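Chemist: Next comes the structure file work-v6.tsv, holding TSV, C-alpha atoms and all ligand atoms.
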```tsv
chain	number	residue	atom	x	y	z
A	1	MET	CA	22.03	18.99	42.28
A	2	ASN	CA	24.47	21.53	40.96
A	3	ARG	CA	23.36	22.46	37.46
A	4	LYS	CA	26.90	22.44	36.11
A	5	THR	CA	27.32	18.75	36.80
A	6	ILE	CA	24.47	17.68	34.50
A	7	ARG	CA	25.66	16.33	31.18
A	8	TYR	CA	23.42	16.17	28.15
A	9	LYS	CA	23.43	13.90	25.15
A	10	SER	CA	21.91	14.76	21.80
A	11	ILE	CA	19.38	12.30	20.41
A	12	ASP	CA	17.68	11.62	17.09
A	13	LYS	CA	14.25	13.23	17.41
A	14	ARG	CA	12.84	11.12	14.58
A	15	VAL	CA	12.77	8.02	16.78
A	16	LEU	CA	10.08	9.61	18.96
A	17	THR	CA	6.95	7.64	18.22
A	18	GLU	CA	3.48	9.15	18.10
A	19	GLY	CA	1.02	7.78	20.67
A	20	GLU	CA	3.80	6.52	22.96
A	21	GLN	CA	4.82	7.81	26.35
A	22	LEU	CA	8.35	9.06	26.94
A	23	ASN	CA	10.35	7.68	29.81
A	24	PHE	CA	12.97	10.42	29.82
A	25	GLN	CA	12.88	14.22	29.82
A	26	LEU	CA	13.70	16.12	26.66
A	27	TYR	CA	15.72	19.31	26.65
A	28	ILE	CA	16.54	22.04	24.16
A	29	PRO	CA	19.17	24.76	24.48
A	30	ASN	CA	17.70	28.13	25.44
A	31	GLU	CA	18.15	31.18	23.25
A	32	THR	CA	21.64	31.99	24.43
A	33	LYS	CA	22.52	28.30	24.04
A	34	SER	CA	24.32	28.49	27.37
A	35	ILE	CA	21.82	26.48	29.35
A	36	MET	CA	19.35	23.70	28.67
A	37	GLY	CA	15.62	24.19	29.12
A	38	LEU	CA	13.07	21.46	29.72
A	39	PHE	CA	11.15	20.77	26.50
A	40	LEU	CA	8.96	17.76	27.37
A	41	GLN	CA	8.33	16.00	30.66
A	42	SER	CA	9.21	12.34	30.95
A	43	ASP	CA	5.58	11.15	31.16
A	44	THR	CA	4.50	13.02	28.01
A	45	VAL	CA	2.63	11.03	25.40
A	46	ILE	CA	3.85	12.16	21.99
A	47	ASP	CA	0.80	13.45	20.10
A	48	GLY	CA	0.26	15.43	16.91
A	49	ASN	CA	0.84	18.64	18.84
A	50	SER	CA	4.20	17.58	20.19
A	51	LYS	CA	5.20	16.35	16.71
A	52	VAL	CA	4.52	19.86	15.35
A	53	ARG	CA	6.59	21.40	18.16
A	54	LEU	CA	9.34	18.86	17.56
A	55	ARG	CA	9.53	19.80	13.90
A	56	GLU	CA	10.61	23.31	14.91
A	57	VAL	CA	13.37	22.08	17.16
A	58	GLU	CA	16.80	21.79	15.66
A	59	LYS	CA	18.57	19.69	18.27
A	60	LEU	CA	17.11	17.66	21.09
A	61	TYR	CA	18.89	16.45	24.22
A	62	ILE	CA	18.40	14.10	27.13
A	63	ASN	CA	20.10	14.09	30.50
A	64	GLU	CA	22.98	11.65	30.10
A	65	LYS	CA	21.81	9.67	33.12
A	66	ASP	CA	18.68	8.80	31.11
A	67	ALA	CA	20.74	7.22	28.31
A	68	LEU	CA	19.66	3.69	29.23
A	69	HIS	CA	15.99	4.73	29.29
A	70	TYR	CA	16.45	6.23	25.84
A	71	GLU	CA	18.12	3.03	24.59
A	72	ALA	CA	15.22	0.98	25.99
A	73	TYR	CA	12.74	3.31	24.28
A	74	VAL	CA	14.46	2.92	20.89
A	75	GLN	CA	14.60	-0.83	21.46
A	76	LYS	CA	10.88	-0.94	22.25
A	77	HIS	CA	9.89	1.07	19.19
A	78	ILE	CA	12.47	-0.22	16.74
A	79	GLN	CA	9.88	-1.90	14.53
A	80	THR	CA	7.77	1.27	14.29
A	81	ILE	CA	10.93	3.21	13.47
A	82	ALA	CA	11.80	0.65	10.77
A	83	LEU	CA	8.40	1.23	9.13
A	84	SER	CA	8.31	5.01	9.60
A	85	GLU	CA	7.58	6.99	6.43
A	86	GLU	CA	9.12	10.08	8.00
A	87	ILE	CA	12.67	8.79	8.22
A	88	PRO	CA	14.66	8.37	4.98
A	89	LEU	CA	15.69	4.80	4.26
A	90	ASP	CA	19.45	5.33	4.65
A	91	ASP	CA	18.92	6.92	8.07
A	92	LYS	CA	16.56	4.13	9.18
A	93	ALA	CA	19.15	1.58	8.15
A	94	ILE	CA	21.73	3.37	10.33
A	95	ILE	CA	19.37	3.59	13.34
A	96	VAL	CA	18.51	-0.12	13.09
A	97	TYR	CA	22.15	-1.08	12.48
A	98	GLU	CA	23.32	0.87	15.54
A	99	LYS	CA	20.59	-0.65	17.68
A	100	ALA	CA	21.47	-4.12	16.41
A	101	SER	CA	25.11	-3.45	17.17
A	102	SER	CA	24.47	-2.59	20.84
A	103	VAL	CA	21.95	-5.43	21.34
A	104	ILE	CA	24.26	-8.03	19.82
A	105	ASP	CA	27.26	-6.70	21.73
A	106	GLU	CA	25.22	-7.16	24.94
A	107	MET	CA	24.17	-10.63	23.84
A	108	PHE	CA	27.82	-11.72	23.46
A	109	ARG	CA	28.50	-10.44	26.98
A	110	ASN	CA	25.51	-12.32	28.44
A	111	PRO	CA	24.93	-15.19	26.01
A	112	GLU	CA	22.68	-17.20	28.27
A	113	SER	CA	20.47	-14.35	29.44
A	114	LEU	CA	16.88	-14.86	28.38
A	115	GLU	CA	16.34	-11.13	28.84
A	116	MET	CA	19.05	-10.36	26.25
A	117	ALA	CA	17.76	-13.03	23.89
A	118	LYS	CA	14.31	-11.44	23.96
A	119	ASN	CA	15.83	-8.21	22.63
A	120	ILE	CA	17.18	-9.91	19.53
A	121	LYS	CA	13.94	-10.74	17.81
A	122	PRO	CA	12.59	-7.17	17.42
A	123	VAL	CA	15.94	-6.12	15.96
A	124	VAL	CA	15.96	-8.97	13.42
A	125	ASP	CA	12.31	-8.30	12.61
A	126	SER	CA	13.05	-4.63	11.95
A	127	PHE	CA	15.81	-5.55	9.48
A	128	VAL	CA	13.35	-7.85	7.74
A	129	ASN	CA	10.62	-5.19	7.80
A	130	ILE	CA	12.94	-2.67	6.18
A	131	ILE	CA	13.94	-5.19	3.51
A	132	LEU	CA	10.39	-6.27	2.74
A	133	HIS	CA	9.04	-2.75	2.78
A	134	ASP	CA	11.42	-1.12	0.38
A	135	ALA	CA	13.11	-2.52	-2.70
A	136	LYS	CA	16.13	-0.28	-2.14
A	137	ALA	CA	16.63	-1.33	1.48
A	138	VAL	CA	19.22	-3.98	0.75
A	139	GLU	CA	21.39	-1.34	-0.91
A	140	SER	CA	21.14	0.93	2.16
A	141	LEU	CA	21.99	-1.92	4.50
A	142	LEU	CA	24.89	-3.23	2.42
A	143	LYS	CA	26.35	0.29	2.34
A	144	ILE	CA	26.68	0.44	6.11
A	145	THR	CA	28.15	-2.99	6.81
A	146	ALA	CA	31.20	-2.28	8.95
A	147	HIS	CA	34.59	-3.11	7.52
A	148	ASP	CA	36.42	-3.73	10.77
A	149	TYR	CA	36.02	-7.07	12.41
A	150	TYR	CA	34.43	-7.51	15.82
A	151	THR	CA	32.37	-10.55	16.69
A	152	HIS	CA	29.21	-8.47	16.99
A	153	THR	CA	29.73	-6.45	13.80
A	154	HIS	CA	30.53	-9.71	12.00
A	155	SER	CA	27.23	-11.14	13.25
A	156	ILE	CA	25.28	-8.15	11.95
A	157	ASN	CA	27.10	-8.10	8.62
A	158	VAL	CA	26.44	-11.81	8.14
A	159	SER	CA	22.78	-11.19	9.03
A	160	ILE	CA	22.48	-8.43	6.46
A	161	TYR	CA	24.11	-10.55	3.73
A	162	THR	CA	22.02	-13.56	4.75
A	163	LEU	CA	18.73	-11.63	4.71
A	164	SER	CA	19.64	-10.05	1.37
A	165	LEU	CA	20.51	-13.42	-0.14
A	166	GLY	CA	17.49	-15.11	1.46
A	167	SER	CA	15.17	-12.46	0.09
A	168	PHE	CA	16.86	-12.74	-3.36
A	169	LEU	CA	16.21	-16.51	-3.24
A	170	GLY	CA	12.51	-15.88	-2.57
A	171	ILE	CA	12.45	-16.68	1.16
A	172	GLU	CA	9.92	-14.37	2.76
A	173	GLY	CA	7.84	-13.45	5.82
A	174	GLU	CA	8.31	-15.54	8.96
A	175	ASP	CA	10.78	-17.82	7.17
A	176	LEU	CA	13.01	-14.84	6.41
A	177	LYS	CA	12.78	-13.70	10.05
A	178	THR	CA	13.77	-17.18	11.19
A	179	LEU	CA	16.73	-17.13	8.79
A	180	GLY	CA	17.72	-13.74	10.24
A	181	MET	CA	17.63	-15.13	13.79
A	182	ALA	CA	19.87	-18.03	12.74
A	183	ALA	CA	22.34	-15.57	11.17
A	184	VAL	CA	22.42	-13.22	14.17
A	185	LEU	CA	23.04	-16.15	16.50
A	186	HIS	CA	25.37	-18.18	14.27
A	187	ASP	CA	28.57	-17.31	16.18
A	188	ILE	CA	27.07	-17.01	19.68
A	189	GLY	CA	29.22	-19.99	20.71
A	190	LYS	CA	32.29	-17.74	20.34
A	191	SER	CA	31.26	-16.24	23.67
A	192	LYS	CA	32.55	-19.50	25.22
A	193	VAL	CA	35.92	-19.40	23.43
A	194	ASP	CA	38.89	-17.73	25.13
A	195	TYR	CA	38.82	-14.00	24.39
A	196	ASN	CA	42.55	-14.05	23.51
A	197	ILE	CA	41.93	-16.63	20.79
A	198	ILE	CA	38.99	-14.72	19.33
A	199	ASN	CA	41.01	-11.51	19.19
A	200	LYS	CA	44.44	-12.98	18.40
A	201	ASN	CA	46.53	-10.76	16.20
A	202	GLY	CA	47.71	-13.48	13.79
A	203	LYS	CA	47.27	-17.07	12.72
A	204	LEU	CA	45.94	-19.52	15.32
A	205	THR	CA	48.06	-22.48	16.50
A	206	GLU	CA	46.53	-25.93	16.07
A	207	VAL	CA	45.51	-26.05	19.74
A	208	GLU	CA	43.91	-22.62	19.49
A	209	PHE	CA	42.14	-23.51	16.26
A	210	ASN	CA	40.76	-26.66	17.90
A	211	GLU	CA	39.31	-24.51	20.65
A	212	MET	CA	37.89	-22.09	18.08
A	213	LYS	CA	36.24	-25.03	16.33
A	214	THR	CA	34.11	-25.73	19.40
A	215	HIS	CA	31.99	-22.60	18.78
A	216	PRO	CA	29.26	-24.08	16.50
A	217	ALA	CA	28.45	-26.87	18.98
A	218	GLU	CA	28.76	-24.47	21.93
A	219	GLY	CA	26.38	-22.09	20.14
A	220	HIS	CA	23.92	-24.92	19.57
A	221	THR	CA	23.96	-25.70	23.31
A	222	ILE	CA	23.41	-22.02	24.20
A	223	ALA	CA	20.49	-21.79	21.74
A	224	LEU	CA	18.86	-24.85	23.32
A	225	LYS	CA	19.31	-23.28	26.77
A	226	LEU	CA	17.59	-20.15	25.47
A	227	GLY	CA	14.60	-22.31	24.53
A	228	ILE	CA	15.17	-22.10	20.77
A	229	ASN	CA	13.67	-25.21	19.20
A	230	ASP	CA	13.38	-24.28	15.53
A	231	GLU	CA	15.55	-26.86	13.74
A	232	ARG	CA	16.47	-24.36	11.02
A	233	ILE	CA	17.95	-21.94	13.57
A	234	LEU	CA	19.69	-24.74	15.47
A	235	SER	CA	21.24	-26.18	12.31
A	236	GLY	CA	22.21	-22.70	11.07
A	237	ILE	CA	24.23	-22.27	14.26
A	238	ARG	CA	25.64	-25.78	14.46
A	239	HIS	CA	26.43	-26.37	10.80
A	240	HIS	CA	27.63	-23.04	9.37
A	241	HIS	CA	31.21	-24.41	9.20
A	242	GLU	CA	30.31	-27.72	7.59
A	243	LYS	CA	31.67	-28.17	4.06
A	244	MET	CA	29.92	-29.66	1.05
A	245	ASP	CA	32.62	-32.37	0.77
A	246	GLY	CA	32.36	-33.34	4.45
A	247	GLY	CA	35.61	-31.63	5.43
A	248	GLY	CA	34.02	-29.14	7.82
A	249	TYR	CA	33.07	-29.31	11.49
A	250	PRO	CA	31.65	-30.29	13.96
A	251	ASP	CA	29.65	-33.17	12.43
A	252	LYS	CA	31.48	-33.59	9.08
A	253	ILE	CA	28.18	-33.82	7.19
A	254	THR	CA	27.96	-33.32	3.42
A	255	GLU	CA	25.90	-31.51	0.75
A	256	ASP	CA	22.15	-31.60	1.37
A	257	LYS	CA	22.66	-33.04	4.86
A	258	ILE	CA	23.73	-29.48	5.61
A	259	SER	CA	20.51	-27.47	5.92
A	260	GLU	CA	19.78	-24.67	3.47
A	261	PHE	CA	19.99	-22.09	6.28
A	262	ALA	CA	23.46	-23.35	7.29
A	263	ARG	CA	24.64	-23.30	3.65
A	264	ILE	CA	23.36	-19.74	3.16
A	265	ILE	CA	25.00	-18.54	6.38
A	266	GLY	CA	28.20	-20.40	5.42
A	267	VAL	CA	28.52	-18.44	2.15
A	268	CYS	CA	27.80	-15.07	3.82
A	269	ASP	CA	30.17	-15.87	6.70
A	270	VAL	CA	33.09	-16.58	4.35
A	271	PHE	CA	32.37	-13.47	2.27
A	272	ASP	CA	32.39	-11.24	5.35
A	273	ALA	CA	35.54	-12.87	6.76
A	274	LEU	CA	37.40	-12.24	3.48
A	275	SER	CA	36.12	-8.73	2.81
A	276	THR	CA	36.59	-7.37	6.35
A	277	LYS	CA	39.75	-5.85	7.77
A	278	ARG	CA	41.42	-7.77	10.60
A	279	SER	CA	44.36	-6.56	12.63
A	280	TYR	CA	46.61	-9.03	10.78
A	281	LYS	CA	45.22	-8.73	7.25
A	282	ASP	CA	43.93	-6.15	4.84
A	283	PRO	CA	40.40	-6.62	3.55
A	284	MET	CA	39.94	-8.12	0.10
A	285	SER	CA	37.69	-6.23	-2.29
A	286	SER	CA	34.25	-7.74	-2.92
A	287	PHE	CA	35.46	-8.81	-6.36
A	288	GLU	CA	38.58	-10.57	-5.05
A	289	SER	CA	36.60	-12.24	-2.25
A	290	LEU	CA	34.02	-13.59	-4.68
A	291	ARG	CA	36.71	-14.76	-7.11
A	292	LEU	CA	38.49	-16.65	-4.33
A	293	MET	CA	35.20	-18.21	-3.22
A	294	LYS	CA	34.41	-19.30	-6.79
A	295	GLN	CA	37.86	-20.63	-7.62
A	296	GLN	CA	39.08	-22.14	-4.38
A	297	MET	CA	36.06	-23.17	-2.36
A	298	GLN	CA	34.21	-25.56	-4.64
A	299	GLY	CA	34.28	-28.45	-2.19
A	300	HIS	CA	33.53	-26.15	0.65
A	301	LEU	CA	30.62	-23.87	-0.27
A	302	ASP	CA	27.34	-24.50	-2.09
A	303	MET	CA	28.27	-23.03	-5.48
A	304	ILE	CA	24.63	-22.50	-6.48
A	305	LEU	CA	24.33	-20.18	-3.49
A	306	VAL	CA	27.66	-18.49	-4.27
A	307	ASP	CA	26.36	-17.74	-7.79
A	308	ALA	CA	23.10	-16.41	-6.36
A	309	PHE	CA	25.07	-14.26	-3.92
A	310	ILE	CA	27.11	-12.79	-6.80
A	311	LYS	CA	23.90	-12.06	-8.74
A	312	MET	CA	22.35	-10.44	-5.67
A	313	LEU	CA	25.38	-8.14	-5.22
A	314	GLN	CA	25.44	-7.33	-8.95
A	315	LYS	CA	21.77	-6.37	-8.80
A	316	GLN	CA	22.56	-3.95	-5.95
A	317	GLU	CA	25.57	-2.55	-7.86
A	318	SER	CA	23.42	-1.94	-10.95
A	319	LYS	CA	20.95	0.10	-8.87
A	320	LYS	CA	23.64	2.61	-7.87
B	401	FE	FE	31.52	-19.27	12.92
```
Could you quickly redo this structure as structure tokens?
Ligand SMILES: [Fe+2]

Modeler:
Amino acid sequence: MNRKTIRYKSIDKRVLTEGEQLNFQLYIPNETKSIMGLFLQSDTVIDGNSKVRLREVEKLYINEKDALHYEAYVQKHIQTIALSEEIPLDDKAIIVYEKASSVIDEMFRNPESLEMAKNIKPVVDSFVNIILHDAKAVESLLKITAHDYYTHTHSINVSIYTLSLGSFLGIEGEDLKTLGMAAVLHDIGKSKVDYNIINKNGKLTEVEFNEMKTHPAEGHTIALKLGINDERILSGIRHHHEKMDGGGYPDKITEDKISEFARIIGVCDVFDALSTKRSYKDPMSSFESLRLMKQQMQGHLDMILVDAFIKMLQKQESKK
């Protein structure tokens, strides 16, 4: 192949995990920086020696055609990366957030693919690992929640808020991971709603809103197809738009008939919807969003959870 046609992509060398084999070649620019030289072969197992050599390298590249291999590698080692002592917390949060973003984007494109669904759990687990491992992790994660609305960024933001609130409420370990799965998947049913309705630049008509309202039940069906049988995940998906006074959908259930997971996700979902920019509305500040939730959503949200959410955010603010 003609050398000039090869394109290179810079990568984050800190994701390279000791004891694991690469499945892509690594390159560094040569002294004149005009040409790339091979640094490590694709079957190299990263050992202490290579770590020392890597420390001396400023920038590391892969051949762009290996980008998918690199993505798969990061995916495979995401939990090790989340626990790495070498990577500062804010950077880890960004690496995990970016990985989550691409995995969840893929999941919305192929909502019924078991292969895609399998990729979700390690990503959720790495969020939880970061949160459980470091008291300041919630702050790092909250800092990077995206402020523009896309279905996949909304799903990650809601997951971060949900895990932060869940952890604040004392939910831990496997229960917290299960709560995270419910939050990541809560809007998966939107993959069955017309794209033009999801991305409409303005208020929905009644007909459109009725179609939008099918997404919790659609999501529940998708989750069952994926083999998910944990009732807490299923109810988190199906009931995140139920209201305490029975005015929600799809089942019009009330108060404690709505599971705790669904009530937690409901609060975080509303907060993200209000505080995120949409093409047809400016974002509200966190303060305005919380005030609106407190003053105008009494019959809608679980106010005990809204108060806990406010306390959780205040605790993060006071750490800054
Ligand atoms: Fe929803």

Chemist: Go through the chains and note each residue within 7 Å of ligand FE 401 (chain B), using all atoms listed in the file, then give the set as a ChimeraX atom specification.

Modeler: /A:186-187,215-216,240-241

Chemist: What's around Gly266 in chain A at 10 Å? Count all atoms listed in the file, leave out sequence neighbours fewer than 4 positions away in its own chain, and write the answer as an MDAnalysis selection string.

Modeler: chainID A and resid 158 162 183 186 236:237 239:243 260:262 270:271 300:302 305:306

Chemist: Could you check the closest approach to Met212 in chain A for each of A:His147, A:Lys121, A:Lys200, A:Lys311 and tell me which residue wins, using only C-alpha atoms?

Modeler: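 Of the candidates, the smallest distance to Met212 in chain A is held by A:Lys200.
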
Chemist: State, in Å with one decimal place, the distance from CA of Ile197 in chain A to CA of Leu292 in chain A.

Modeler: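 One can read the CA of Ile197 in chain A to CA of Leu292 in chain A distance as 25.4 Å.
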
Chemist: List as a tab-separated table every residue of range 137-175 of chain A that is in contact with range 77-94 of chain A, defined as an atom at most 8 Å from one of its atoms (using only C-alpha atoms), together with the nearest atom pair and the distance in Å rounded to one decimal, sorted by chain and then rising number.

Modeler:
```
residue	atom	partner	partner_atom	distance
A:Ala137	CA	A:Leu89	CA	6.8
A:Ser140	CA	A:Asp90	CA	5.3
A:Leu141	CA	A:Ala93	CA	5.8
A:Ile144	CA	A:Ile94	CA	7.1
```

Chemist: Quick one: residues within 12 Å of Ser50 in chain A, only C-alpha atoms counted, chain neighbours fewer than 3 positions away excluded, as a list in words?

Modeler: Lys13, Leu16, Thr17, Glu18, Gly19, Glu20, Gln21, Leu22, Leu26, Phe39, Leu40, Gln41, Thr44, Val45, Ile46, Asp47, Arg53, Leu54, Arg55, Glu56 and Val57 of chain A

Chemist: Could you pull the residues within 9 Å of Asp148 in chain A, counting all atoms listed in the file, minus those fewer than 6 positions along the same chain, as a list in words?

Modeler: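 My list of contacting residues is His154, Thr276, Lys277, Arg278, Ser279 and Pro283 of chain A.
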